[in-house]
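So this one's model01.csv, CSV, C-alpha atoms:
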chain,number,residue,atom,x,y,z
R,1,MET,CA,-112.5,32.7,112.2
R,2,THR,CA,-115.2,34.2,114.4
R,3,GLU,CA,-118.2,33.1,112.3
R,4,PRO,CA,-119.7,30.0,114.0
R,5,GLY,CA,-121.1,28.3,111.0
R,6,PRO,CA,-118.2,25.8,110.7
R,7,TYR,CA,-118.7,24.9,114.4
R,8,LEU,CA,-122.3,24.0,113.8
R,9,LEU,CA,-121.5,22.0,110.7
R,10,ARG,CA,-118.8,20.1,112.7
R,11,LEU,CA,-121.2,19.3,115.5
R,12,TYR,CA,-123.7,17.8,113.1
R,13,ALA,CA,-121.0,15.8,111.2
R,14,GLU,CA,-119.6,14.4,114.4
R,15,ASN,CA,-123.0,13.4,115.9
R,16,LYS,CA,-123.8,9.7,115.6
R,17,PRO,CA,-127.5,9.2,116.1
R,18,ARG,CA,-128.2,6.1,118.2
R,19,PHE,CA,-130.9,4.8,115.8
R,20,GLU,CA,-129.4,5.5,112.3
R,21,PHE,CA,-130.9,2.9,110.1
R,22,LYS,CA,-128.5,0.8,108.0
R,23,ALA,CA,-129.0,-2.2,105.7
R,24,GLU,CA,-127.9,-4.6,108.4
R,25,THR,CA,-130.1,-3.1,111.1
R,26,ASP,CA,-132.6,-5.4,112.8
R,27,TRP,CA,-135.8,-3.7,112.0
R,28,THR,CA,-138.0,-5.1,114.8
R,29,SER,CA,-135.8,-4.1,117.7
R,30,TRP,CA,-134.8,-0.8,116.0
R,31,ARG,CA,-138.4,0.2,115.6
R,32,GLU,CA,-139.4,-0.7,119.1
R,33,GLU,CA,-136.5,1.1,120.7
R,34,LEU,CA,-136.7,4.2,118.6
R,35,ARG,CA,-140.4,4.5,119.0
R,36,GLU,CA,-140.1,4.3,122.8
R,37,SER,CA,-137.3,6.8,122.9
R,38,PHE,CA,-139.0,9.2,120.5
R,39,ALA,CA,-142.3,9.1,122.3
R,40,ALA,CA,-140.6,9.9,125.6
R,41,ARG,CA,-138.4,12.6,124.1
R,42,ILE,CA,-141.3,14.7,122.7
R,43,GLY,CA,-143.4,14.0,125.7
R,44,VAL,CA,-146.2,12.0,124.1
R,45,VAL,CA,-146.0,9.3,126.8
R,46,ALA,CA,-146.5,11.8,129.6
R,47,ASN,CA,-149.2,13.7,127.7
R,48,CYS,CA,-151.1,10.5,126.9
R,49,GLU,CA,-151.1,9.5,130.6
R,50,ARG,CA,-152.9,12.8,131.3
R,51,VAL,CA,-155.4,12.4,128.4
R,52,GLN,CA,-159.0,11.7,129.5
R,53,ASP,CA,-161.4,9.4,127.7
R,54,THR,CA,-163.3,11.4,125.1
R,55,LYS,CA,-166.5,10.0,126.5
R,56,GLU,CA,-165.8,11.7,129.8
R,57,THR,CA,-164.5,15.0,128.6
R,58,SER,CA,-167.7,17.0,127.9
R,59,VAL,CA,-167.7,16.7,124.1
R,60,ILE,CA,-170.0,19.5,122.9
R,61,LEU,CA,-171.4,20.4,119.5
R,62,LEU,CA,-170.6,24.0,118.7
R,63,GLU,CA,-172.2,24.1,115.3
R,64,ARG,CA,-173.7,22.0,112.5
R,65,LYS,CA,-174.3,23.1,109.0
R,66,THR,CA,-175.4,21.4,105.8
R,67,CYS,CA,-172.9,22.2,103.0
R,68,GLU,CA,-172.8,21.1,99.3
R,69,GLY,CA,-172.4,17.3,99.5
R,70,TYR,CA,-171.5,17.1,103.2
R,71,ILE,CA,-172.3,18.0,106.8
R,72,ARG,CA,-169.9,20.2,108.7
R,73,GLU,CA,-169.9,20.0,112.5
R,74,ARG,CA,-167.6,21.7,114.9
R,75,VAL,CA,-167.1,19.9,118.2
R,76,GLU,CA,-165.0,20.5,121.2
R,77,TRP,CA,-163.7,18.5,124.1
R,78,THR,CA,-161.1,18.6,126.9
R,79,THR,CA,-157.8,16.9,125.9
R,80,PHE,CA,-155.6,17.1,128.9
R,81,ASP,CA,-154.4,19.5,131.6
R,82,GLY,CA,-157.8,21.3,131.2
R,83,MET,CA,-157.2,22.3,127.6
R,84,ARG,CA,-160.1,22.4,125.2
R,85,MET,CA,-159.7,21.6,121.5
R,86,PRO,CA,-162.2,22.5,118.7
R,87,VAL,CA,-162.4,20.0,115.8
R,88,TYR,CA,-164.2,20.3,112.5
R,89,LEU,CA,-165.9,17.1,111.4
R,90,LEU,CA,-166.9,16.8,107.8
R,91,ILE,CA,-169.4,14.0,107.1
R,92,PRO,CA,-170.3,13.0,103.5
R,93,GLU,CA,-174.1,13.1,102.8
R,94,GLY,CA,-175.9,10.0,101.8
R,95,MET,CA,-173.7,7.5,103.7
R,96,SER,CA,-174.9,4.0,103.6
R,97,GLY,CA,-172.6,2.7,106.4
R,98,PRO,CA,-169.4,3.5,108.2
R,99,ARG,CA,-166.7,5.0,106.1
R,100,PRO,CA,-162.9,5.5,106.2
R,101,ALA,CA,-161.8,8.6,108.0
R,102,VAL,CA,-158.9,11.0,107.7
R,103,VAL,CA,-157.4,13.3,110.3
R,104,ALA,CA,-156.5,16.5,108.4
R,105,CYS,CA,-153.7,18.6,110.0
R,106,HIS,CA,-153.4,22.2,109.0
R,107,GLY,CA,-150.1,24.0,108.8
R,108,HIS,CA,-149.1,27.6,109.7
R,109,GLY,CA,-151.9,30.0,108.9
R,110,TYR,CA,-155.2,30.8,110.7
R,111,GLY,CA,-156.0,27.2,111.8
R,112,SER,CA,-158.5,24.6,111.1
R,113,ARG,CA,-160.9,27.0,109.3
R,114,GLU,CA,-158.3,27.5,106.6
R,115,ILE,CA,-158.7,23.9,105.4
R,116,VAL,CA,-162.5,23.6,105.6
R,117,GLY,CA,-163.3,26.6,103.3
R,118,LEU,CA,-163.8,29.3,105.9
R,119,MET,CA,-162.4,32.7,106.7
R,120,PRO,CA,-160.8,33.4,110.1
R,121,ASP,CA,-164.1,34.7,111.4
R,122,GLY,CA,-165.9,31.5,110.4
R,123,SER,CA,-167.7,33.0,107.3
R,124,GLU,CA,-167.6,31.2,104.0
R,125,ARG,CA,-164.4,31.9,102.0
R,126,GLU,CA,-164.5,33.5,98.6
R,127,GLY,CA,-161.3,33.5,96.5
R,128,ASN,CA,-157.9,31.8,96.6
R,129,PRO,CA,-157.7,29.0,99.3
R,130,GLY,CA,-153.9,29.4,99.5
R,131,LEU,CA,-151.3,26.7,100.2
R,132,HIS,CA,-153.8,24.5,102.1
R,133,LYS,CA,-156.2,24.3,99.1
R,134,ASP,CA,-159.1,23.4,101.3
R,135,PHE,CA,-157.8,19.9,101.4
R,136,ALA,CA,-160.2,18.8,104.2
R,137,VAL,CA,-163.1,19.7,101.9
R,138,GLU,CA,-161.4,17.8,99.0
R,139,LEU,CA,-161.1,14.8,101.2
R,140,VAL,CA,-164.8,14.7,102.2
R,141,LYS,CA,-165.8,15.1,98.6
R,142,GLN,CA,-163.9,11.8,98.0
R,143,GLY,CA,-166.2,10.1,100.5
R,144,TYR,CA,-164.0,10.2,103.6
R,145,VAL,CA,-165.2,11.4,107.1
R,146,VAL,CA,-162.7,14.1,107.9
R,147,ALA,CA,-161.6,15.5,111.3
R,148,ALA,CA,-159.7,18.8,111.2
R,149,PRO,CA,-158.4,19.6,114.7
R,150,GLU,CA,-157.4,23.1,115.8
R,151,LEU,CA,-153.7,22.6,116.6
R,152,LEU,CA,-152.4,24.3,119.7
R,153,GLY,CA,-151.1,27.8,118.9
R,154,PHE,CA,-153.4,28.5,116.0
R,155,GLY,CA,-156.9,29.9,115.4
R,156,ASP,CA,-159.0,29.8,118.6
R,157,ARG,CA,-156.1,28.3,120.6
R,158,ARG,CA,-153.8,31.3,120.7
R,159,LEU,CA,-152.6,33.6,123.4
R,160,GLU,CA,-154.4,36.8,123.8
R,161,GLU,CA,-151.6,39.1,122.5
R,162,ASP,CA,-151.4,37.0,119.3
R,163,VAL,CA,-155.2,37.2,118.8
R,164,LYS,CA,-154.9,41.0,118.9
R,165,ALA,CA,-152.1,40.9,116.3
R,166,GLY,CA,-154.3,39.3,113.6
R,167,PRO,CA,-155.7,36.0,112.5
R,168,ARG,CA,-152.4,34.6,111.0
R,169,GLN,CA,-150.2,35.5,114.1
R,170,SER,CA,-149.6,32.1,115.8
R,171,SER,CA,-148.6,31.5,119.4
R,172,CYS,CA,-146.0,28.9,118.4
R,173,PHE,CA,-142.9,30.8,119.7
R,174,ARG,CA,-144.1,31.6,123.2
R,175,LEU,CA,-145.9,28.3,123.7
R,176,SER,CA,-142.8,26.3,122.4
R,177,ALA,CA,-140.4,28.3,124.5
R,178,HIS,CA,-142.5,28.0,127.7
R,179,LEU,CA,-143.0,24.2,127.2
R,180,MET,CA,-139.2,23.7,126.6
R,181,MET,CA,-138.4,25.5,129.8
R,182,LEU,CA,-140.6,23.0,131.6
R,183,GLY,CA,-139.0,20.0,129.8
R,184,ARG,CA,-142.0,19.6,127.5
R,185,ASN,CA,-142.4,20.1,123.7
R,186,ILE,CA,-145.2,21.5,121.6
R,187,ALA,CA,-144.9,18.6,119.1
R,188,GLY,CA,-145.7,16.2,121.9
R,189,VAL,CA,-148.8,18.1,122.8
R,190,ARG,CA,-150.0,18.3,119.2
R,191,VAL,CA,-149.3,14.7,118.5
R,192,ALA,CA,-150.9,13.4,121.8
R,193,GLU,CA,-154.0,15.5,121.0
R,194,THR,CA,-154.1,14.2,117.4
R,195,MET,CA,-154.0,10.6,118.8
R,196,GLN,CA,-157.1,11.6,120.8
R,197,VAL,CA,-158.8,12.7,117.6
R,198,VAL,CA,-158.2,9.2,116.3
R,199,SER,CA,-160.0,7.9,119.4
R,200,TYR,CA,-162.8,10.3,118.9
R,201,LEU,CA,-163.2,9.2,115.2
R,202,GLN,CA,-163.4,5.5,116.4
R,203,SER,CA,-166.3,6.5,118.6
R,204,ARG,CA,-168.3,7.9,115.8
R,205,LYS,CA,-170.9,5.7,114.1
R,206,GLU,CA,-170.1,7.2,110.7
R,207,VAL,CA,-166.5,5.8,110.9
R,208,ASN,CA,-165.1,2.4,110.4
R,209,PRO,CA,-162.7,2.3,113.3
R,210,ARG,CA,-160.1,0.2,111.5
R,211,GLN,CA,-159.9,2.5,108.5
R,212,ILE,CA,-158.3,5.8,109.7
R,213,GLY,CA,-155.6,7.7,107.9
R,214,CYS,CA,-154.0,11.1,108.3
R,215,MET,CA,-152.8,13.9,106.0
R,216,GLY,CA,-151.0,17.1,106.9
R,217,ILE,CA,-149.1,20.0,105.3
R,218,SER,CA,-145.9,21.7,106.7
R,219,GLY,CA,-146.2,21.9,110.5
R,220,GLY,CA,-149.3,19.8,110.1
R,221,GLY,CA,-147.1,17.4,108.1
R,222,LEU,CA,-145.0,17.1,111.2
R,223,VAL,CA,-148.0,16.2,113.3
R,224,ALA,CA,-149.4,13.8,110.8
R,225,ALA,CA,-146.0,12.0,110.3
R,226,PHE,CA,-145.2,11.8,114.0
R,227,ALA,CA,-148.7,10.7,115.0
R,228,ALA,CA,-148.6,7.9,112.4
R,229,ALA,CA,-145.1,6.9,113.5
R,230,LEU,CA,-146.4,6.5,117.1
R,231,ASP,CA,-150.0,5.3,116.7
R,232,GLU,CA,-150.6,2.2,114.7
R,233,ARG,CA,-154.3,2.8,114.6
R,234,ILE,CA,-153.4,5.2,111.7
R,235,GLY,CA,-153.4,2.9,108.7
R,236,ALA,CA,-152.0,5.3,106.1
R,237,ALA,CA,-150.4,8.7,106.0
R,238,VAL,CA,-149.9,11.5,103.5
R,239,VAL,CA,-147.1,13.9,104.5
R,240,SER,CA,-147.0,17.0,102.4
R,241,GLY,CA,-144.3,19.7,102.5
R,242,TYR,CA,-142.5,18.2,105.5
R,243,ALA,CA,-140.6,15.0,104.7
R,244,ASN,CA,-137.0,16.0,104.5
R,245,THR,CA,-133.8,15.8,106.6
R,246,PHE,CA,-133.2,18.1,109.5
R,247,GLU,CA,-129.9,19.0,108.0
R,248,ASP,CA,-131.5,20.3,104.8
R,249,SER,CA,-134.5,22.0,106.3
R,250,ILE,CA,-134.8,22.7,110.0
R,251,LEU,CA,-131.1,23.3,110.6
R,252,ASN,CA,-130.6,25.1,107.3
R,253,ARG,CA,-132.7,28.2,107.8
R,254,ALA,CA,-134.8,30.0,110.4
R,255,HIS,CA,-137.9,28.0,111.1
R,256,CYS,CA,-140.7,28.4,113.6
R,257,LEU,CA,-139.7,27.2,117.0
R,258,ASP,CA,-142.3,24.5,117.0
R,259,ASN,CA,-140.1,22.5,114.6
R,260,TYR,CA,-137.3,22.1,117.2
R,261,ILE,CA,-137.1,19.1,119.5
R,262,PRO,CA,-134.3,19.2,122.1
R,263,GLY,CA,-131.9,16.4,121.7
R,264,ILE,CA,-133.7,14.6,118.8
R,265,LEU,CA,-130.6,14.3,116.7
R,266,LEU,CA,-129.0,12.2,119.5
R,267,ASP,CA,-131.6,9.6,118.6
R,268,ALA,CA,-132.3,10.0,114.8
R,269,GLU,CA,-132.5,12.1,111.8
R,270,LEU,CA,-136.0,13.0,110.4
R,271,PRO,CA,-136.1,10.1,107.8
R,272,GLU,CA,-135.8,7.5,110.5
R,273,LEU,CA,-138.6,9.1,112.5
R,274,ILE,CA,-140.9,9.1,109.5
R,275,GLY,CA,-139.7,5.6,108.7
R,276,LEU,CA,-141.4,4.4,111.9
R,277,ILE,CA,-144.6,4.4,109.8
R,278,ALA,CA,-143.4,1.4,107.9
R,279,PRO,CA,-144.8,-1.0,106.8
R,280,ARG,CA,-148.0,1.0,106.6
R,281,PRO,CA,-148.8,3.0,103.5
R,282,LEU,CA,-147.0,6.4,103.2
R,283,LEU,CA,-147.3,9.0,100.5
R,284,ILE,CA,-144.8,11.9,100.5
R,285,GLU,CA,-145.7,15.1,98.6
R,286,SER,CA,-142.9,17.6,97.7
R,287,GLY,CA,-143.2,20.7,95.5
R,288,ASP,CA,-140.2,21.3,93.2
R,289,GLN,CA,-140.2,25.0,94.2
R,290,ASP,CA,-140.6,24.4,98.0
R,291,LEU,CA,-138.2,26.7,99.7
R,292,VAL,CA,-139.2,25.7,103.2
R,293,PHE,CA,-138.6,22.0,102.9
R,294,PRO,CA,-136.6,21.8,99.7
R,295,ARG,CA,-136.7,19.1,97.1
R,296,ARG,CA,-133.0,18.1,97.6
R,297,GLY,CA,-133.7,17.3,101.2
R,298,ALA,CA,-136.9,15.4,100.3
R,299,GLU,CA,-135.0,13.3,97.9
R,300,ARG,CA,-132.3,12.5,100.4
R,301,ALA,CA,-135.0,11.6,103.0
R,302,LEU,CA,-136.8,9.3,100.5
R,303,GLU,CA,-133.6,7.3,100.0
R,304,ARG,CA,-133.3,6.6,103.7
R,305,ILE,CA,-137.0,6.0,104.2
R,306,SER,CA,-136.9,3.6,101.2
R,307,LEU,CA,-134.2,1.6,103.0
R,308,ILE,CA,-136.5,1.1,106.0
R,309,TYR,CA,-139.5,0.0,103.8
R,310,ALA,CA,-137.3,-2.3,101.9
R,311,ALA,CA,-136.1,-4.0,105.1
R,312,VAL,CA,-139.6,-5.1,105.8
R,313,GLY,CA,-140.5,-5.9,102.2
R,314,ALA,CA,-143.0,-3.0,102.0
R,315,GLN,CA,-141.5,-1.1,99.1
R,316,GLU,CA,-144.9,-0.9,97.3
R,317,SER,CA,-146.4,0.9,100.4
R,318,LEU,CA,-144.1,3.9,100.0
R,319,LYS,CA,-144.9,6.4,97.3
R,320,VAL,CA,-143.8,9.9,96.4
R,321,ASP,CA,-145.5,12.7,94.5
R,322,TYR,CA,-142.9,15.2,93.2
R,323,PHE,CA,-145.2,17.9,91.8
R,324,GLN,CA,-144.8,21.3,90.2
R,325,GLY,CA,-145.4,23.8,92.8
R,326,GLY,CA,-144.1,25.4,96.0
R,327,HIS,CA,-144.7,24.9,99.7
R,328,GLU,CA,-148.3,23.7,99.3
R,329,ILE,CA,-150.7,20.8,99.1
R,330,GLY,CA,-150.3,18.8,95.9
R,331,GLY,CA,-153.3,16.5,96.0
R,332,ALA,CA,-153.1,15.0,92.5
R,333,GLN,CA,-152.4,11.6,93.8
R,334,ALA,CA,-153.1,11.9,97.5
R,335,TYR,CA,-156.9,11.9,97.6
R,336,ARG,CA,-157.2,8.8,95.3
R,337,TRP,CA,-154.2,7.1,97.0
R,338,LEU,CA,-156.0,7.2,100.4
R,339,LYS,CA,-158.7,4.9,99.0
R,340,GLN,CA,-156.6,2.0,100.0
R,341,LEU,CA,-157.9,2.6,103.6
R,342,GLU,CA,-161.0,0.8,102.3
R,343,SER,CA,-159.0,-2.5,102.2
R,344,LEU,CA,-157.8,-2.3,105.8
Structure translated into structure tokens:
Amino acid sequence: MTEPGPYLLRLYAENKPRFEFKAETDWTSWREELRESFAARIGVVANCERVQDTKETSVILLERKTCEGYIRERVEWTTFDGMRMPVYLLIPEGMSGPRPAVVACHGHGYGSREIVGLMPDGSEREGNPGLHKDFAVELVKQGYVVAAPELLGFGDRRLEEDVKAGPRQSSCFRLSAHLMMLGRNIAGVRVAETMQVVSYLQSRKEVNPRQIGCMGISGGGLVAAFAAALDERIGAAVVSGYANTFEDSILNRAHCLDNYIPGILLDAELPELIGLIAPRPLLIESGDQDLVFPRRGAERALERISLIYAAVGAQESLKVDYFQGGHEIGGAQAYRWLKQLESL
């Protein structure tokens, strides 16, 4: 047989990840060792070493607008290696003191504007908000301070040729390929920058620095999950349209190159990586018609993540919302569920 499919299946079946979690696994040492290996593999350790203090990186205010029930700011600062990152900050009106905050990570589309109710050119959107459902706006309406970073490769952070191709053309492929050739990974860049967003939120007077969560959809779900796995300052996470197994999703169909991490399966499958969030609160959203990260894989992932949460007696901190819908934000439980940030 010349078709190589069976070869790939055999390679996966024969692989024995170093950090596969089992009932008898010592959670403390497993978590410490996997977290260290994972952070090094995606390059977060090296990137964080290059990160400058946000107080010293020329944070500038690009715009400020009063919206219905909240203030919308757009700020920008240098993250590392000279890169500048714009971030929308949504602040509830009438705040009486510091509030919980949520980092909102957009997925594939036209960037951070897509989750704050704007068109690609920055004008106010009219019509269907799409799979993102303006979830950053929904969060601020619940009383959270919300930071929506422009992830590398989208919106204003694209290569020139992709900007010319249209607002939804990302730069993920070329950026991912270039970084891989240099031993780096775009996931590591996005996660390290998201961790810096957490630092920025902690510096804002409107935010309680001990009450910070994150929420992301699809590729933004990857960023939210991995950032929460590696940064314990994130007290709770909502992962929408991403929690799955690599076998059922990333290896099962053609995905954007930004989903691929060289050698990651030598360490762990995706449920173990997400399981690093334990024992902190985690809500998984999965649409029953999601064809990108299918329900079957989400259910298999939940079984394995549940094993990790059970090992530390934190079963009540793990929730799932299987909703009717496709590859999109659910939201029915998520916005209320994040209220538990107030008790941190």
Hey, could you pull the box centre and edge lengths for segment 130-134 of chain R, axis-aligned, 6 Å padding per side, all listed atoms, to one decimal in Å, as JSON?
{"center_x": -155.2, "center_y": 26.4, "center_z": 100.6, "size_x": 19.8, "size_y": 18.0, "size_z": 15.0}
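Across R:Met85, R:Ala101, R:Ile308, R:Ala334, the tightest approach to Val238 of chain R is made by R:Ala334 when counting all atoms listed in the file.
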Report the closest atom pair, with its distance in Å rounded to one decimal, for each residue of segment 242-312 of chain R that has an atom no farther than 9 Å from segment 324-331 of chain R; count all atoms listed in the file, sort by chain and then rising residue number, and write it as a Markdown table.
| residue | atom | partner | partner_atom | distance |
| --- | --- | --- | --- | --- |
| R:Glu285 | CA | R:Gly330 | CA | 6.5 |
| R:Ser286 | CA | R:Gly330 | CA | 7.7 |
| R:Gly287 | CA | R:Gly325 | CA | 4.7 |
| R:Asp288 | CA | R:Gln324 | CA | 5.5 |
| R:Gln289 | CA | R:Gly326 | CA | 4.3 |
| R:Asp290 | CA | R:Gly326 | CA | 4.2 |
| R:Leu291 | CA | R:His327 | CA | 6.7 |
| R:Val292 | CA | R:His327 | CA | 6.6 |
| R:Phe293 | CA | R:His327 | CA | 7.5 |
| R:Pro294 | CA | R:His327 | CA | 8.7 |
Practice task
For Tyr309 of chain R, list every protein, DNA or RNA residue within 8 Å, evaluated using all atoms listed in the file, and leave out those in the same chain fewer than 3 positions away; present the list as a PyMOL selection string.
Solution key: chain R and resi 275+278-279+305-306+312-315+317-318
Could you take the residues named above and write them with C-alpha atoms, as an mmCIF file, keeping the file's coordinate frame?
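This went into again_16.cif:
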data_model
loop_
_atom_site.group_PDB
_atom_site.id
_atom_site.type_symbol
_atom_site.label_atom_id
_atom_site.label_comp_id
_atom_site.auth_asym_id
_atom_site.auth_seq_id
_atom_site.Cartn_x
_atom_site.Cartn_y
_atom_site.Cartn_z
ATOM 1 C CA GLY R 275 -139.700 5.600 108.700
ATOM 2 C CA ALA R 278 -143.400 1.400 107.900
ATOM 3 C CA PRO R 279 -144.800 -1.000 106.800
ATOM 4 C CA ILE R 305 -137.000 6.000 104.200
ATOM 5 C CA SER R 306 -136.900 3.600 101.200
ATOM 6 C CA VAL R 312 -139.600 -5.100 105.800
ATOM 7 C CA GLY R 313 -140.500 -5.900 102.200
ATOM 8 C CA ALA R 314 -143.000 -3.000 102.000
ATOM 9 C CA GLN R 315 -141.500 -1.100 99.100
ATOM 10 C CA SER R 317 -146.400 0.900 100.400
ATOM 11 C CA LEU R 318 -144.100 3.900 100.000
#
Using all atoms listed in the file, find each residue in segment 18-124 of chain R having at least one atom no more than 12 Å away from segment 209-213 of chain R; report its shortest atom-to-atom pair and that distance in Å (one decimal), rows by chain then rising number, as JSON lines.
{"residue": "R:Pro98", "atom": "CA", "partner": "R:Pro209", "partner_atom": "CA", "distance": 8.5}
{"residue": "R:Arg99", "atom": "CA", "partner": "R:Gln211", "partner_atom": "CA", "distance": 7.6}
{"residue": "R:Pro100", "atom": "CA", "partner": "R:Gln211", "partner_atom": "CA", "distance": 4.8}
{"residue": "R:Ala101", "atom": "CA", "partner": "R:Ile212", "partner_atom": "CA", "distance": 4.8}
{"residue": "R:Val102", "atom": "CA", "partner": "R:Gly213", "partner_atom": "CA", "distance": 4.7}
{"residue": "R:Val103", "atom": "CA", "partner": "R:Gly213", "partner_atom": "CA", "distance": 6.4}
{"residue": "R:Ala104", "atom": "CA", "partner": "R:Gly213", "partner_atom": "CA", "distance": 8.9}
{"residue": "R:Cys105", "atom": "CA", "partner": "R:Gly213", "partner_atom": "CA", "distance": 11.3}
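Our summary of the geometry notes that atom CA of Glu206 of chain R is positioned 19.2 Å from atom CA of Tyr335 of chain R.
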Exercise for the section: List the neighbours of Glu269 of chain R out to 12 Å using all atoms listed in the file; skip same-chain residues closer than 4 positions along the sequence, and give me the result as number ranges by chain. Expected result: R: 12, 15-21, 34, 38, 243-251, 261, 263-265, 273-276, 297, 300-301, 304-305
Handout entry: Top pick for closest residue to Ile91 of chain R, considering R:Phe135, R:Tyr70, R:Trp27, R:Tyr110 and counting only C-alpha atoms
Key =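 Comparing R:Phe135, R:Tyr70, R:Trp27, R:Tyr110 against Ile91 of chain R, the winner is R:Tyr70.
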